[in-house]
Amino acid sequence: MDVERVHQQPCFVLHQRPYKNTSLIVEVISRDHGRVSLVAKAVKQQKSPLKSILHSFQPLNVSWVRRSEMGTLTAAEFSEAPLLLTEDKLYAAFYLNELLMRLLAQYDPMQEVFLSYETALHKLNGIEETEVILRVFEKELLQALGYEIRLSEEADTHLPIASEKHYQFTPEYGFTAVERTEVSQQYLFKGEHLLAFNENRLTEKDILKTAHRVTYINLKKLLGDRPLKSRELLLAFKAIG
Amino acid sequence: MSNGLLDELMDALRCLPGVGAKSAQRMAFYILERDRIGAQKLSEKIAQALEKIGHCRKCRNFSEVELCHICSNPKRDSRLLCIVESPADMLAVEQAADYQGLYFVLMGKLSPLDGIGPEDIGLDMLELRFASDEVSEVILATNPTVEGEATAHFISSLAHKYQISVTRIAHGVPLGGELEYVDRGTLSRAFSGRLKL
């Protein structure tokens, strides 16, 4: 394999784990190269300037050299002011990272995912409601992965979704118009809620619930039975408060 | 050719952090050639420690007795509880700060991506302690990493549930440091956590 040299690539750290005595293996999501594994040497030594930089949820510019499966990090710096996430926003950010660690293949460039992730983190740093940010991110992630949920038209007839009708959802197929009493509540959706989610207008509780059900059914198919720890943590945190 | 016990010794020594094949070989030859008495003492102490040292019932720190010397010291203020990630952190606080309260050692931190949740770091035990009405202030001394912050926020909301006041150790510019050379992350923390004079 040729040597890949990447200079000042916009990145976010997704996860890190210790490697040998003082080094780390850092998983980053990069704008142009997708998810990448990098060895960051001697980071845990007392004087390493990288120690305060290589943290999750911070906008970084990272440089690396790669000859094999794993690259070697050569430089990293903040690309803008650090984000300060707290409370449920922090747990939500962990959830985004866990989703990306589970669903993104390595070295598969996905710029849309990077941009959605970047936007979601900046929003988490603001005042917007956490649930809204998560649902929009999940929808965009599913779309980028090739599992787009078509919220504006019926799967069988391709007719536009009508706000006054009810729809049944079939995973990997889409929405079909039904009578309200025909299907179980779990797969039954109101047209107006679907249209609102399509336009990211998650202003009401009922619409948020719909958005949650839609993305949950789809993500569960991709994630399998192993639960997301960060999701459990976010729920446990909310249960206390 | 295998050297039997000698190889096994080298292999065993590699369980220590930072000891690879070469260091293990050096250590094995050293204790056999030069310091058999020291090695004898080491092996006895390791065996004794493994047998006798467990966790303190109250703070989870390593202890030979059910209640460690800090938790059982009547001069300590039991209303103050400092929460740290590891025994090494506890020792650092104990040596640096004039702190007379008690500790709770998590033996880890919340790290969902590594599968470590609240029960794994004894937060169920900590909640029981909060519920016992003994603690009136919690000082969160977890590390300034994202996992440390996540742990701190979780414990803080647990404590608030029991109307316990919570403080977090300050993060910022090191003593004798110059702002010009302080990294962005630290300086931004120092700014957001600025104090009124």
# chains A, B, ... in the order shown; residues from 1 in each chain; ligands from 1
>>> interface_residues(of="chain B", to="chain A", cutoff="12 Å", atoms="only C-alpha atoms", output="ChimeraX atom specification")
/B:16-20,110-119,123-124,127,143-162,171-172,181-193
>>> closest_residue(among="A:Asn200, A:Val113, A:Ala239, A:Leu38", to="A:Pro18", atoms="only C-alpha atoms")
A:Leu38
>>> select_by_dssp(residues="chain B", states="strand (DSSP E)", output="list in words")
Gly54, His55, Phe62, Ser63, Asp77, Ser78, Arg79, Leu80, Leu81, Cys82, Ile83, Val84, Gly101, Leu102, Tyr103, Phe104, Val105, Glu137, Val138, Ile139, Leu140, Ser165, Val166, Thr167 and Arg168 of chain B
>>> write_last_selection(atoms="N, CA and C atoms", output="PDB file, in the first residue's frame")
ATOM      1  N   GLY B  54      -8.624  -6.235  50.419  1.00  0.00           N
ATOM      2  CA  GLY B  54      -9.888  -6.203  49.677  1.00  0.00           C
ATOM      3  C   GLY B  54     -10.313  -4.759  49.518  1.00  0.00           C
ATOM      4  N   HIS B  55     -11.615  -4.536  49.411  1.00  0.00           N
ATOM      5  CA  HIS B  55     -12.105  -3.166  49.287  1.00  0.00           C
ATOM      6  C   HIS B  55     -12.791  -2.728  50.575  1.00  0.00           C
ATOM      7  N   PHE B  62      -8.780   0.260  48.388  1.00  0.00           N
ATOM      8  CA  PHE B  62      -8.140  -0.961  48.878  1.00  0.00           C
ATOM      9  C   PHE B  62      -7.942  -0.869  50.381  1.00  0.00           C
ATOM     10  N   SER B  63      -8.219  -1.959  51.073  1.00  0.00           N
ATOM     11  CA  SER B  63      -8.038  -1.942  52.518  1.00  0.00           C
ATOM     12  C   SER B  63      -7.883  -3.361  53.051  1.00  0.00           C
ATOM     13  N   ASP B  77     -14.285  14.542  58.889  1.00  0.00           N
ATOM     14  CA  ASP B  77     -15.631  15.088  58.788  1.00  0.00           C
ATOM     15  C   ASP B  77     -16.470  14.221  57.838  1.00  0.00           C
ATOM     16  N   SER B  78     -17.385  13.474  58.410  1.00  0.00           N
ATOM     17  CA  SER B  78     -18.123  12.510  57.583  1.00  0.00           C
ATOM     18  C   SER B  78     -19.204  13.172  56.731  1.00  0.00           C
ATOM     19  N   ARG B  79     -19.408  14.485  56.914  1.00  0.00           N
ATOM     20  CA  ARG B  79     -20.415  15.154  56.079  1.00  0.00           C
ATOM     21  C   ARG B  79     -19.850  15.528  54.708  1.00  0.00           C
ATOM     22  N   LEU B  80     -18.499  15.545  54.618  1.00  0.00           N
ATOM     23  CA  LEU B  80     -17.846  15.885  53.355  1.00  0.00           C
ATOM     24  C   LEU B  80     -17.431  14.619  52.627  1.00  0.00           C
ATOM     25  N   LEU B  81     -17.749  14.532  51.343  1.00  0.00           N
ATOM     26  CA  LEU B  81     -17.381  13.332  50.598  1.00  0.00           C
ATOM     27  C   LEU B  81     -16.728  13.729  49.270  1.00  0.00           C
ATOM     28  N   CYS B  82     -15.462  13.328  49.125  1.00  0.00           N
ATOM     29  CA  CYS B  82     -14.743  13.640  47.893  1.00  0.00           C
ATOM     30  C   CYS B  82     -14.750  12.397  46.998  1.00  0.00           C
ATOM     31  N   ILE B  83     -15.163  12.569  45.748  1.00  0.00           N
ATOM     32  CA  ILE B  83     -15.277  11.410  44.856  1.00  0.00           C
ATOM     33  C   ILE B  83     -14.159  11.424  43.814  1.00  0.00           C
ATOM     34  N   VAL B  84     -13.383  10.341  43.810  1.00  0.00           N
ATOM     35  CA  VAL B  84     -12.248  10.252  42.883  1.00  0.00           C
ATOM     36  C   VAL B  84     -12.365   8.977  42.040  1.00  0.00           C
ATOM     37  N   GLY B 101     -12.248  15.496  54.985  1.00  0.00           N
ATOM     38  CA  GLY B 101     -13.482  14.725  54.826  1.00  0.00           C
ATOM     39  C   GLY B 101     -13.189  13.284  54.445  1.00  0.00           C
ATOM     40  N   LEU B 102     -14.195  12.594  53.957  1.00  0.00           N
ATOM     41  CA  LEU B 102     -14.032  11.199  53.546  1.00  0.00           C
ATOM     42  C   LEU B 102     -13.990  11.094  52.014  1.00  0.00           C
ATOM     43  N   TYR B 103     -13.733   9.880  51.539  1.00  0.00           N
ATOM     44  CA  TYR B 103     -13.619   9.665  50.091  1.00  0.00           C
ATOM     45  C   TYR B 103     -14.585   8.588  49.608  1.00  0.00           C
ATOM     46  N   PHE B 104     -14.803   8.603  48.303  1.00  0.00           N
ATOM     47  CA  PHE B 104     -15.436   7.461  47.648  1.00  0.00           C
ATOM     48  C   PHE B 104     -14.637   7.211  46.376  1.00  0.00           C
ATOM     49  N   VAL B 105     -14.110   5.994  46.243  1.00  0.00           N
ATOM     50  CA  VAL B 105     -13.253   5.696  45.099  1.00  0.00           C
ATOM     51  C   VAL B 105     -14.053   4.877  44.073  1.00  0.00           C
ATOM     52  N   GLU B 137     -22.084  17.509  51.742  1.00  0.00           N
ATOM     53  CA  GLU B 137     -21.471  18.108  50.553  1.00  0.00           C
ATOM     54  C   GLU B 137     -20.637  17.069  49.810  1.00  0.00           C
ATOM     55  N   VAL B 138     -20.799  17.069  48.498  1.00  0.00           N
ATOM     56  CA  VAL B 138     -20.022  16.164  47.656  1.00  0.00           C
ATOM     57  C   VAL B 138     -19.038  16.985  46.824  1.00  0.00           C
ATOM     58  N   ILE B 139     -17.768  16.585  46.865  1.00  0.00           N
ATOM     59  CA  ILE B 139     -16.760  17.263  46.045  1.00  0.00           C
ATOM     60  C   ILE B 139     -16.365  16.318  44.919  1.00  0.00           C
ATOM     61  N   LEU B 140     -16.635  16.708  43.688  1.00  0.00           N
ATOM     62  CA  LEU B 140     -16.351  15.832  42.559  1.00  0.00           C
ATOM     63  C   LEU B 140     -14.941  16.084  42.036  1.00  0.00           C
ATOM     64  N   SER B 165     -25.442  19.225  48.554  1.00  0.00           N
ATOM     65  CA  SER B 165     -24.792  20.235  47.714  1.00  0.00           C
ATOM     66  C   SER B 165     -23.564  19.633  47.032  1.00  0.00           C
ATOM     67  N   VAL B 166     -23.325  20.074  45.798  1.00  0.00           N
ATOM     68  CA  VAL B 166     -22.265  19.468  44.993  1.00  0.00           C
ATOM     69  C   VAL B 166     -21.291  20.532  44.512  1.00  0.00           C
ATOM     70  N   THR B 167     -20.001  20.257  44.638  1.00  0.00           N
ATOM     71  CA  THR B 167     -19.000  21.133  44.031  1.00  0.00           C
ATOM     72  C   THR B 167     -18.093  20.293  43.149  1.00  0.00           C
ATOM     73  N   ARG B 168     -17.480  20.966  42.174  1.00  0.00           N
ATOM     74  CA  ARG B 168     -16.583  20.260  41.250  1.00  0.00           C
ATOM     75  C   ARG B 168     -15.223  20.939  41.370  1.00  0.00           C
TER      76      ARG B 168
END
>>> atom_distance(atom1="atom CA of A:Ala76", atom2="atom CA of A:Ala92")
24.6 Å
>>> atom_distance(atom1="atom CA of A:Asp108", atom2="atom CA of A:Arg35")
6.8 Å
>>> residues_around(residues="A:Lys190", least_positions_apart="5", cutoff="7 Å", atoms="only C-alpha atoms", output="list of chain:residue names")
A:Lys165, A:His166, A:Tyr167
>>> write_last_selection(atoms="all heavy atoms", output="CSV table (one decimal), in the first residue's frame")
chain,number,residue,atom,x,y,z
A,165,LYS,N,-54.3,11.3,6.7
A,165,LYS,CA,-54.4,9.8,6.7
A,165,LYS,C,-53.5,9.1,7.7
A,165,LYS,O,-52.6,9.8,8.3
A,165,LYS,CB,-54.0,9.4,5.3
A,165,LYS,CG,-55.0,9.5,4.2
A,165,LYS,CD,-54.5,8.8,3.0
A,165,LYS,CE,-55.4,9.0,1.8
A,165,LYS,NZ,-54.8,8.5,0.6
A,166,HIS,N,-53.7,7.8,7.8
A,166,HIS,CA,-52.8,7.0,8.7
A,166,HIS,C,-52.0,6.1,7.9
A,166,HIS,O,-52.5,5.6,6.8
A,166,HIS,CB,-53.7,6.2,9.7
A,166,HIS,CG,-54.1,7.0,10.8
A,166,HIS,ND1,-55.3,7.8,10.8
A,166,HIS,CD2,-53.6,7.2,12.1
A,166,HIS,CE1,-55.4,8.5,11.9
A,166,HIS,NE2,-54.4,8.1,12.7
A,167,TYR,N,-50.8,5.7,8.4
A,167,TYR,CA,-49.9,4.9,7.6
A,167,TYR,C,-49.3,3.8,8.4
A,167,TYR,O,-49.1,3.9,9.6
A,167,TYR,CB,-48.8,5.8,7.0
A,167,TYR,CG,-49.3,6.8,6.0
A,167,TYR,CD1,-49.7,8.0,6.4
A,167,TYR,CD2,-49.4,6.4,4.6
A,167,TYR,CE1,-50.3,8.9,5.5
A,167,TYR,CE2,-49.9,7.3,3.7
A,167,TYR,CZ,-50.4,8.6,4.1
A,167,TYR,OH,-50.9,9.4,3.2
>>> select_by_dssp(residues="stretch 96-178 of chain B", states="alpha helix (DSSP H)", output="PyMOL selection string")
chain B and resi 96+123-131+146-161
>>> residues_around(residues="stretch 171-176 of chain A", least_positions_apart="2", cutoff="6 Å", atoms="only C-alpha atoms", output="number ranges by chain")
A: 154-155, 167-169
>>> write_last_selection(atoms="N, CA, C and O atoms", output="short mmCIF file (atom, residue, chain, number, x, y, z; two decimals), in the first residue's frame")
data_model
loop_
_atom_site.label_atom_id
_atom_site.label_comp_id
_atom_site.auth_asym_id
_atom_site.auth_seq_id
_atom_site.Cartn_x
_atom_site.Cartn_y
_atom_site.Cartn_z
N GLU A 154 -45.90 7.54 -0.34
CA GLU A 154 -46.25 6.15 -0.02
C GLU A 154 -45.33 5.21 -0.77
O GLU A 154 -44.94 5.49 -1.91
N ALA A 155 -44.99 4.08 -0.14
CA ALA A 155 -44.03 3.17 -0.75
C ALA A 155 -44.61 2.44 -1.96
O ALA A 155 -43.93 2.21 -2.95
N TYR A 167 -50.82 5.74 8.36
CA TYR A 167 -49.91 4.91 7.57
C TYR A 167 -49.30 3.79 8.41
O TYR A 167 -49.08 3.95 9.62
N GLN A 168 -49.01 2.71 7.71
CA GLN A 168 -48.32 1.59 8.36
C GLN A 168 -46.88 1.62 7.88
O GLN A 168 -46.61 1.88 6.70
N PHE A 169 -45.94 1.34 8.80
CA PHE A 169 -44.54 1.33 8.39
C PHE A 169 -44.02 -0.09 8.30
O PHE A 169 -44.20 -0.90 9.21
#
>>> residues_around(residues="B:Leu32", least_positions_apart="5", cutoff="12 Å", atoms="only C-alpha atoms", output="PDB file with all heavy atoms, in the first residue's frame")
ATOM      1  N   LEU B   5      10.886 -23.394  34.344  1.00  0.00           N
ATOM      2  CA  LEU B   5      10.509 -22.394  35.334  1.00  0.00           C
ATOM      3  C   LEU B   5      10.962 -20.984  34.979  1.00  0.00           C
ATOM      4  O   LEU B   5      10.238 -20.018  35.192  1.00  0.00           O
ATOM      5  CB  LEU B   5      11.131 -22.777  36.676  1.00  0.00           C
ATOM      6  CG  LEU B   5      10.190 -23.340  37.725  1.00  0.00           C
ATOM      7  CD1 LEU B   5      10.955 -23.571  39.025  1.00  0.00           C
ATOM      8  CD2 LEU B   5       9.049 -22.355  37.986  1.00  0.00           C
ATOM      9  N   LEU B   6      12.175 -20.892  34.450  1.00  0.00           N
ATOM     10  CA  LEU B   6      12.712 -19.576  34.119  1.00  0.00           C
ATOM     11  C   LEU B   6      11.814 -18.869  33.096  1.00  0.00           C
ATOM     12  O   LEU B   6      11.470 -17.692  33.249  1.00  0.00           O
ATOM     13  CB  LEU B   6      14.128 -19.726  33.571  1.00  0.00           C
ATOM     14  CG  LEU B   6      14.880 -18.417  33.344  1.00  0.00           C
ATOM     15  CD1 LEU B   6      15.015 -17.615  34.622  1.00  0.00           C
ATOM     16  CD2 LEU B   6      16.260 -18.700  32.762  1.00  0.00           C
ATOM     17  N   LEU B   9       8.663 -17.792  34.747  1.00  0.00           N
ATOM     18  CA  LEU B   9       8.856 -16.594  35.565  1.00  0.00           C
ATOM     19  C   LEU B   9       8.818 -15.349  34.681  1.00  0.00           C
ATOM     20  O   LEU B   9       8.139 -14.358  34.985  1.00  0.00           O
ATOM     21  CB  LEU B   9      10.194 -16.680  36.314  1.00  0.00           C
ATOM     22  CG  LEU B   9      10.617 -15.407  37.068  1.00  0.00           C
ATOM     23  CD1 LEU B   9       9.619 -15.057  38.159  1.00  0.00           C
ATOM     24  CD2 LEU B   9      12.000 -15.563  37.678  1.00  0.00           C
ATOM     25  N   MET B  10       9.555 -15.404  33.577  1.00  0.00           N
ATOM     26  CA  MET B  10       9.580 -14.245  32.670  1.00  0.00           C
ATOM     27  C   MET B  10       8.180 -13.941  32.150  1.00  0.00           C
ATOM     28  O   MET B  10       7.770 -12.787  32.047  1.00  0.00           O
ATOM     29  CB  MET B  10      10.506 -14.526  31.488  1.00  0.00           C
ATOM     30  CG  MET B  10      11.965 -14.514  31.866  1.00  0.00           C
ATOM     31  SD  MET B  10      12.938 -14.837  30.386  1.00  0.00           S
ATOM     32  CE  MET B  10      14.459 -15.392  31.087  1.00  0.00           C
ATOM     33  N   GLN B  25      12.902 -10.405  31.064  1.00  0.00           N
ATOM     34  CA  GLN B  25      14.119 -11.212  31.081  1.00  0.00           C
ATOM     35  C   GLN B  25      15.156 -10.594  32.026  1.00  0.00           C
ATOM     36  O   GLN B  25      15.765 -11.279  32.849  1.00  0.00           O
ATOM     37  CB  GLN B  25      14.679 -11.263  29.655  1.00  0.00           C
ATOM     38  CG  GLN B  25      15.883 -12.144  29.505  1.00  0.00           C
ATOM     39  CD  GLN B  25      16.440 -12.030  28.091  1.00  0.00           C
ATOM     40  OE1 GLN B  25      15.700 -12.017  27.115  1.00  0.00           O
ATOM     41  NE2 GLN B  25      17.740 -11.937  27.983  1.00  0.00           N
ATOM     42  N   ARG B  26      15.296  -9.261  31.914  1.00  0.00           N
ATOM     43  CA  ARG B  26      16.266  -8.551  32.769  1.00  0.00           C
ATOM     44  C   ARG B  26      15.903  -8.728  34.244  1.00  0.00           C
ATOM     45  O   ARG B  26      16.741  -9.023  35.074  1.00  0.00           O
ATOM     46  CB  ARG B  26      16.244  -7.064  32.383  1.00  0.00           C
ATOM     47  CG  ARG B  26      17.455  -6.287  32.803  1.00  0.00           C
ATOM     48  CD  ARG B  26      17.509  -4.957  32.030  1.00  0.00           C
ATOM     49  NE  ARG B  26      16.210  -4.294  31.946  1.00  0.00           N
ATOM     50  CZ  ARG B  26      15.710  -3.520  32.907  1.00  0.00           C
ATOM     51  NH1 ARG B  26      16.381  -3.325  34.016  1.00  0.00           N
ATOM     52  NH2 ARG B  26      14.538  -2.963  32.752  1.00  0.00           N
ATOM     53  N   MET B  27      14.612  -8.581  34.545  1.00  0.00           N
ATOM     54  CA  MET B  27      14.161  -8.709  35.937  1.00  0.00           C
ATOM     55  C   MET B  27      14.403 -10.128  36.448  1.00  0.00           C
ATOM     56  O   MET B  27      14.888 -10.317  37.566  1.00  0.00           O
ATOM     57  CB  MET B  27      12.668  -8.408  36.035  1.00  0.00           C
ATOM     58  CG  MET B  27      12.348  -6.958  35.887  1.00  0.00           C
ATOM     59  SD  MET B  27      10.546  -6.779  35.909  1.00  0.00           S
ATOM     60  CE  MET B  27      10.405  -5.027  35.748  1.00  0.00           C
ATOM     61  N   ILE B  37      17.108 -12.681  48.140  1.00  0.00           N
ATOM     62  CA  ILE B  37      16.375 -12.349  49.378  1.00  0.00           C
ATOM     63  C   ILE B  37      15.259 -11.351  49.073  1.00  0.00           C
ATOM     64  O   ILE B  37      14.120 -11.491  49.530  1.00  0.00           O
ATOM     65  CB  ILE B  37      17.339 -11.780  50.439  1.00  0.00           C
ATOM     66  CG1 ILE B  37      18.368 -12.854  50.794  1.00  0.00           C
ATOM     67  CG2 ILE B  37      16.585 -11.324  51.685  1.00  0.00           C
ATOM     68  CD1 ILE B  37      19.520 -12.381  51.630  1.00  0.00           C
ATOM     69  N   GLY B  38      15.606 -10.338  48.283  1.00  0.00           N
ATOM     70  CA  GLY B  38      14.607  -9.337  47.901  1.00  0.00           C
ATOM     71  C   GLY B  38      13.442  -9.987  47.166  1.00  0.00           C
ATOM     72  O   GLY B  38      12.272  -9.649  47.406  1.00  0.00           O
ATOM     73  N   ALA B  39      13.776 -10.934  46.306  1.00  0.00           N
ATOM     74  CA  ALA B  39      12.727 -11.590  45.523  1.00  0.00           C
ATOM     75  C   ALA B  39      11.830 -12.437  46.415  1.00  0.00           C
ATOM     76  O   ALA B  39      10.612 -12.485  46.234  1.00  0.00           O
ATOM     77  CB  ALA B  39      13.365 -12.461  44.446  1.00  0.00           C
ATOM     78  N   GLN B  40      12.455 -13.074  47.403  1.00  0.00           N
ATOM     79  CA  GLN B  40      11.694 -13.876  48.360  1.00  0.00           C
ATOM     80  C   GLN B  40      10.658 -12.999  49.064  1.00  0.00           C
ATOM     81  O   GLN B  40       9.474 -13.338  49.186  1.00  0.00           O
ATOM     82  CB  GLN B  40      12.681 -14.458  49.395  1.00  0.00           C
ATOM     83  CG  GLN B  40      12.043 -15.298  50.491  1.00  0.00           C
ATOM     84  CD  GLN B  40      11.499 -16.610  49.939  1.00  0.00           C
ATOM     85  OE1 GLN B  40      12.119 -17.196  49.052  1.00  0.00           O
ATOM     86  NE2 GLN B  40      10.362 -17.036  50.423  1.00  0.00           N
TER      87      GLN B  40
END
>>> atom_distance(atom1="atom CA of A:Asn218", atom2="atom CA of A:Leu141")
10.9 Å
>>> residues_around(residues="A:Glu112", least_positions_apart="3", cutoff="8 Å", atoms="only C-alpha atoms", output="VMD selection string")
chain A and resid 115 to 116 144
